[in-house]
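One file, coords14.txt, carrying compact mmCIF, C-alpha atoms:
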# COMPACT_ATOMS: atom_id res chain seq x y z
CA MET A 298 95.67 119.98 89.72
CA ALA A 299 93.50 119.63 86.64
CA ALA A 300 89.73 119.84 86.99
CA GLY A 301 89.40 116.08 86.54
CA ALA A 302 91.53 113.11 87.38
CA LEU A 303 92.16 109.84 85.66
CA VAL A 304 89.34 107.44 86.43
CA GLY A 305 90.22 105.21 89.31
CA VAL A 306 93.35 103.30 89.71
CA PRO A 307 93.63 100.91 86.84
CA ALA A 308 93.31 97.22 87.48
CA LEU A 309 96.02 95.23 85.74
CA ALA A 310 93.61 93.95 83.12
CA ASP A 311 91.86 97.25 82.50
CA ILE A 312 93.76 100.52 82.27
CA PRO A 313 91.17 103.26 81.68
CA THR A 314 92.15 106.62 80.24
CA GLU A 315 88.93 108.59 80.48
CA ILE A 316 88.61 111.62 82.76
CA SER A 317 86.32 111.86 85.79
CA ASP A 318 84.71 115.05 87.02
CA ASN A 319 83.09 113.32 90.01
CA ARG A 320 85.20 115.02 92.66
CA VAL A 321 83.23 114.97 95.91
CA ALA A 322 85.73 116.45 98.37
CA VAL A 323 89.10 118.15 98.67
CA GLU A 324 91.33 117.65 101.69
CA THR A 325 94.27 120.05 101.32
CA ALA A 326 96.48 118.48 98.59
CA TRP A 327 94.19 115.46 98.05
CA SER A 328 91.00 115.15 96.02
CA VAL A 329 88.35 112.48 96.61
CA PHE A 330 86.48 111.00 93.63
CA VAL A 331 83.53 108.60 93.46
CA GLU A 332 82.11 106.61 90.55
CA ASP A 333 78.87 104.70 91.03
CA ASP A 334 78.73 101.98 88.37
CA PRO A 335 80.62 100.00 89.47
CA LYS A 336 81.20 101.66 92.83
CA GLU A 337 84.76 102.96 93.05
CA CYS A 338 86.27 105.65 95.28
CA TRP A 339 89.77 107.06 95.18
CA VAL A 340 91.98 109.82 96.44
CA VAL A 341 94.57 111.44 94.23
CA SER A 342 97.13 114.20 94.41
CA ALA A 343 99.42 115.84 91.91
CA PRO A 344 103.03 116.43 92.97
CA GLN A 345 103.98 119.70 94.67
CA SER A 346 107.18 119.67 92.66
CA TRP A 347 109.18 117.46 90.34
CA THR A 348 112.57 117.23 88.71
CA ALA A 349 113.96 115.30 85.75
CA ARG A 350 117.56 114.22 85.17
CA ARG A 351 119.20 112.53 82.20
CA GLY A 352 122.89 111.73 81.85
CA GLY A 353 123.65 113.53 85.12
CA SER A 354 122.09 116.81 83.93
CA ASP A 355 118.93 118.56 85.09
CA VAL A 356 116.52 118.41 82.14
CA THR A 357 113.34 119.40 84.02
CA SER A 358 112.65 122.37 81.74
CA GLN A 359 113.03 120.18 78.64
CA VAL A 360 110.70 117.37 79.71
CA THR A 361 107.00 117.24 78.87
CA ARG A 362 104.85 114.87 80.90
CA GLY A 363 101.20 113.90 80.92
CA GLU A 364 99.11 113.81 84.09
CA ILE A 365 101.05 112.78 87.19
CA GLY A 366 99.20 111.31 90.16
CA LEU A 367 99.55 109.28 93.32
CA PHE A 368 96.34 107.33 93.96
CA VAL A 369 94.73 105.19 96.65
CA THR A 370 91.62 103.32 95.47
CA PHE A 371 88.67 101.44 97.01
CA ARG A 372 86.52 98.99 94.99
CA PRO A 373 84.02 97.30 97.31
CA ALA A 374 82.70 94.85 94.68
CA THR A 375 86.14 93.28 94.32
CA GLY A 376 87.29 93.68 97.92
CA VAL A 377 89.90 96.32 97.12
CA ALA A 378 90.38 98.67 100.07
CA GLY A 379 93.41 100.92 99.78
CA GLU A 380 95.20 99.97 96.55
CA VAL A 381 98.09 102.36 95.88
CA SER A 382 99.20 103.30 92.38
CA PHE A 383 101.20 105.98 90.60
CA THR A 384 101.20 107.35 87.08
CA GLY A 385 104.23 109.36 86.06
CA GLY A 386 102.85 110.95 82.93
CA TYR A 387 105.17 108.94 80.69
CA PRO A 388 105.90 105.27 79.83
CA PHE A 389 108.30 103.74 82.34
CA ARG A 390 111.43 101.92 81.22
CA GLU A 391 110.62 98.26 80.62
CA ASN A 392 111.55 96.01 83.57
CA SER A 393 112.26 99.03 85.79
CA THR A 394 110.69 99.81 89.14
CA VAL A 395 109.42 102.95 90.84
CA THR A 396 110.49 103.83 94.37
CA VAL A 397 108.29 105.58 96.94
CA GLU A 398 110.13 107.08 99.92
CA ILE A 399 108.25 108.36 102.96
CA GLY A 400 110.53 109.36 105.80
CA ASP A 401 112.69 106.30 106.53
CA ASP A 402 110.28 103.94 104.72
CA SER A 403 110.90 102.85 101.14
CA TYR A 404 108.62 100.85 98.82
CA THR A 405 109.24 99.35 95.39
CA LEU A 406 106.47 99.49 92.79
CA PHE A 407 106.36 97.36 89.65
CA VAL A 408 105.53 99.05 86.36
CA ILE A 409 103.32 98.38 83.36
CA GLU A 410 103.51 101.07 80.69
CA ASP A 411 102.84 104.37 82.50
CA TRP A 412 101.44 102.96 85.78
CA ALA A 413 103.12 101.51 88.87
CA TRP A 414 101.82 99.49 91.84
CA PRO A 415 103.32 97.94 94.97
CA ALA A 416 102.92 94.22 95.59
CA PRO A 417 99.35 93.78 96.91
CA GLU A 418 100.64 92.63 100.30
CA GLU A 419 102.44 95.99 100.69
CA ASP A 420 99.41 98.23 100.07
CA ALA A 421 98.32 98.41 103.73
CA SER A 422 101.82 99.22 104.97
CA LEU A 423 102.31 101.85 102.27
CA VAL A 424 98.95 103.46 103.11
CA GLU A 425 99.93 103.61 106.80
CA SER A 426 103.23 105.27 105.85
CA LEU A 427 101.38 107.78 103.67
CA LYS A 428 99.09 108.63 106.59
CA ALA A 429 102.02 109.05 109.00
CA GLY A 430 104.32 110.95 106.63
CA VAL A 431 104.85 114.57 105.69
CA ASP A 432 105.70 114.00 102.03
CA ALA A 433 106.28 111.15 99.61
CA VAL A 434 109.07 111.19 97.03
CA VAL A 435 108.39 108.99 94.00
CA THR A 436 111.27 108.19 91.66
CA GLY A 437 110.90 106.51 88.27
CA ILE A 438 112.80 106.06 85.01
CA SER A 439 111.19 106.77 81.65
CA SER A 440 111.54 104.65 78.53
CA ARG A 441 113.96 107.37 77.31
CA GLY A 442 116.19 107.00 80.36
CA THR A 443 115.05 110.14 82.18
CA THR A 444 114.88 109.81 85.96
CA THR A 445 112.01 111.76 87.49
CA ARG A 446 111.52 112.63 91.14
CA ASP A 447 108.03 113.72 92.19
CA THR A 448 107.37 115.14 95.66
CA PHE A 449 103.82 114.81 97.00
CA SER A 450 102.50 116.57 100.10
CA LEU A 451 100.77 114.13 102.43
CA ILE A 452 98.87 116.86 104.27
CA GLY A 453 95.19 115.93 104.10
CA ILE A 454 95.64 112.34 102.95
CA THR A 455 94.25 110.80 106.15
CA ALA A 456 91.03 112.85 105.92
CA ALA A 457 90.78 112.11 102.19
CA LEU A 458 91.23 108.37 102.77
CA ASP A 459 88.58 108.43 105.50
CA GLN A 460 86.18 110.15 103.07
CA ALA A 461 86.87 107.66 100.27
CA ALA A 462 86.59 104.63 102.55
CA SER A 463 83.30 105.82 104.06
CA ARG A 464 81.82 106.51 100.61
CA CYS A 465 82.78 103.01 99.42
CA THR A 466 81.58 100.87 102.32
CA GLU A 467 78.48 99.54 100.53

Can the structure in the file be given as structure tokens, please?
Amino acid sequence: MAAGALVGVPALADIPTEISDNRVAVETAWSVFVEDDPKECWVVSAPQSWTARRGGSDVTSQVTRGEIGLFVTFRPATGVAGEVSFTGGYPFRENSTVTVEIGDDSYTLFVIEDWAWPAPEEDASLVESLKAGVDAVVTGISSRGTTTRDTFSLIGITAALDQAASRCTE
């Protein structure tokens, strides 16, 4: 994972692109970040592995992507506690969705540009699945028609979420 991570999980109205170096903890595959003004805490992980397919062929070695991350964010000032999001490192196909599979559980995320979120009422269930799972497989389609499949280890996510939640209880 890069030294920094994208700042927070973007709210729909405000998609930041600056980098944060405020990592306060690492729990196996998951890093915990905190920003103070306004208070925001999040956990993020990069995928352990990923593949890319286009037209039925493996094009992984031909695809260049930006930062890839699965996030869970806490924003106490706005009552956000456990908002899940994903950035695939590329713009998603317009009107497409992203799928997150954890064991037998599957979630659909809606996309805006290069970010994806579940419906707000699914955040809590998705977080519980993340905590109970071994890995999460996230599948999306780029604006060029490339299907990517990112596999994230969930080892350490429960401890990372506990850290982020406790740091953002003010």

Near region 432-449 of chain A, within 7 Å and counting all atoms listed in the file, which residues show up once chain neighbours fewer than 6 positions away are dropped, as a short mmCIF file (atom, residue, chain, number, x, y, z; two decimals) with C-alpha atoms, keeping the file's coordinate frame?
data_model
loop_
_atom_site.label_atom_id
_atom_site.label_comp_id
_atom_site.auth_asym_id
_atom_site.auth_seq_id
_atom_site.Cartn_x
_atom_site.Cartn_y
_atom_site.Cartn_z
CA ALA A 343 99.42 115.84 91.91
CA PRO A 344 103.03 116.43 92.97
CA GLN A 345 103.98 119.70 94.67
CA SER A 346 107.18 119.67 92.66
CA TRP A 347 109.18 117.46 90.34
CA THR A 348 112.57 117.23 88.71
CA ALA A 349 113.96 115.30 85.75
CA ARG A 350 117.56 114.22 85.17
CA ARG A 351 119.20 112.53 82.20
CA TYR A 387 105.17 108.94 80.69
CA PRO A 388 105.90 105.27 79.83
CA PHE A 389 108.30 103.74 82.34
CA ARG A 390 111.43 101.92 81.22
CA GLU A 391 110.62 98.26 80.62
CA THR A 394 110.69 99.81 89.14
CA VAL A 395 109.42 102.95 90.84
CA THR A 396 110.49 103.83 94.37
CA VAL A 397 108.29 105.58 96.94
CA GLU A 398 110.13 107.08 99.92
CA ILE A 399 108.25 108.36 102.96
#

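Proximity of A:Val369, A:Cys338, A:Ala413, A:Val356 to Thr455 (chain A), computed with only C-alpha atoms, is greatest for A:Val369.
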
- Query: Nearest to Phe407 (chain A) among A:Asp420, A:Ser393, A:Thr357, A:Gln460, with distances taken over all atoms listed in the file: which residue is it?
  - Reply: A:Ser393

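The nearest approach to Leu406 (chain A) among the residues A:Asn392, A:Ser426, A:Ser358, A:Thr370, with only C-alpha atoms taken into account, belongs to A:Asn392.
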
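Each of A:Gly353, A:Gly379, A:Gly453, A:Gly400 was checked against Val424 (chain A) using all atoms listed in the file; the smallest atom-to-atom distance is that of A:Gly379.
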
- Item | Atomic distance CA of Val340 (chain A) - CA of Thr375 (chain A), expressed in Å with one decimal | 17.7 Å

- If you measure from CA of Cys465 (chain A) to CA of Ala421 (chain A), what distance in Å do you get, rounded to one decimal? 16.8 Å

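Ranking A:Arg464, A:Gln359, A:Ala457, A:Phe371 by their shortest atom-to-atom distance to Val329 (chain A), with all atoms listed in the file included, puts A:Ala457 first.
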
- Message: Which residues are near Glu324 (chain A)? Cut-off 12 Å, only C-alpha atoms, ignore same chain within fewer than 3 positions. Put them as JSON, numbers by chain.
- Response: {"A": [320, 321, 327, 328, 329, 330, 340, 341, 342, 450, 451, 452, 453, 454, 455, 456, 457, 458, 459, 460, 461]}

- Take the point (102.7, 111.7, 86.7) as written in the file and pick out every residue within 8 Å of it, counting only C-alpha atoms; give the list as an MDAnalysis selection string. chainID A and resid 343:344 362:367 383:387 447

- Have a look at CA of Glu419 (chain A) and CA of Val381 (chain A) and let me know their distance in Å, one decimal. 9.1 Å

- Query: Which is closest to Trp412 (chain A) among A:Leu427, A:Glu337, A:Glu332, A:Ser382, if we use only C-alpha atoms?
  - Reply: A:Ser382

What are the centre and edge lengths in Å, to one decimal, of the axis-aligned box around all listed atoms of region 405-410 of chain A with 5 Å added on each side, as JSON?
{"center_x": 106.3, "center_y": 99.2, "center_z": 88.0, "size_x": 15.9, "size_y": 13.7, "size_z": 24.7}
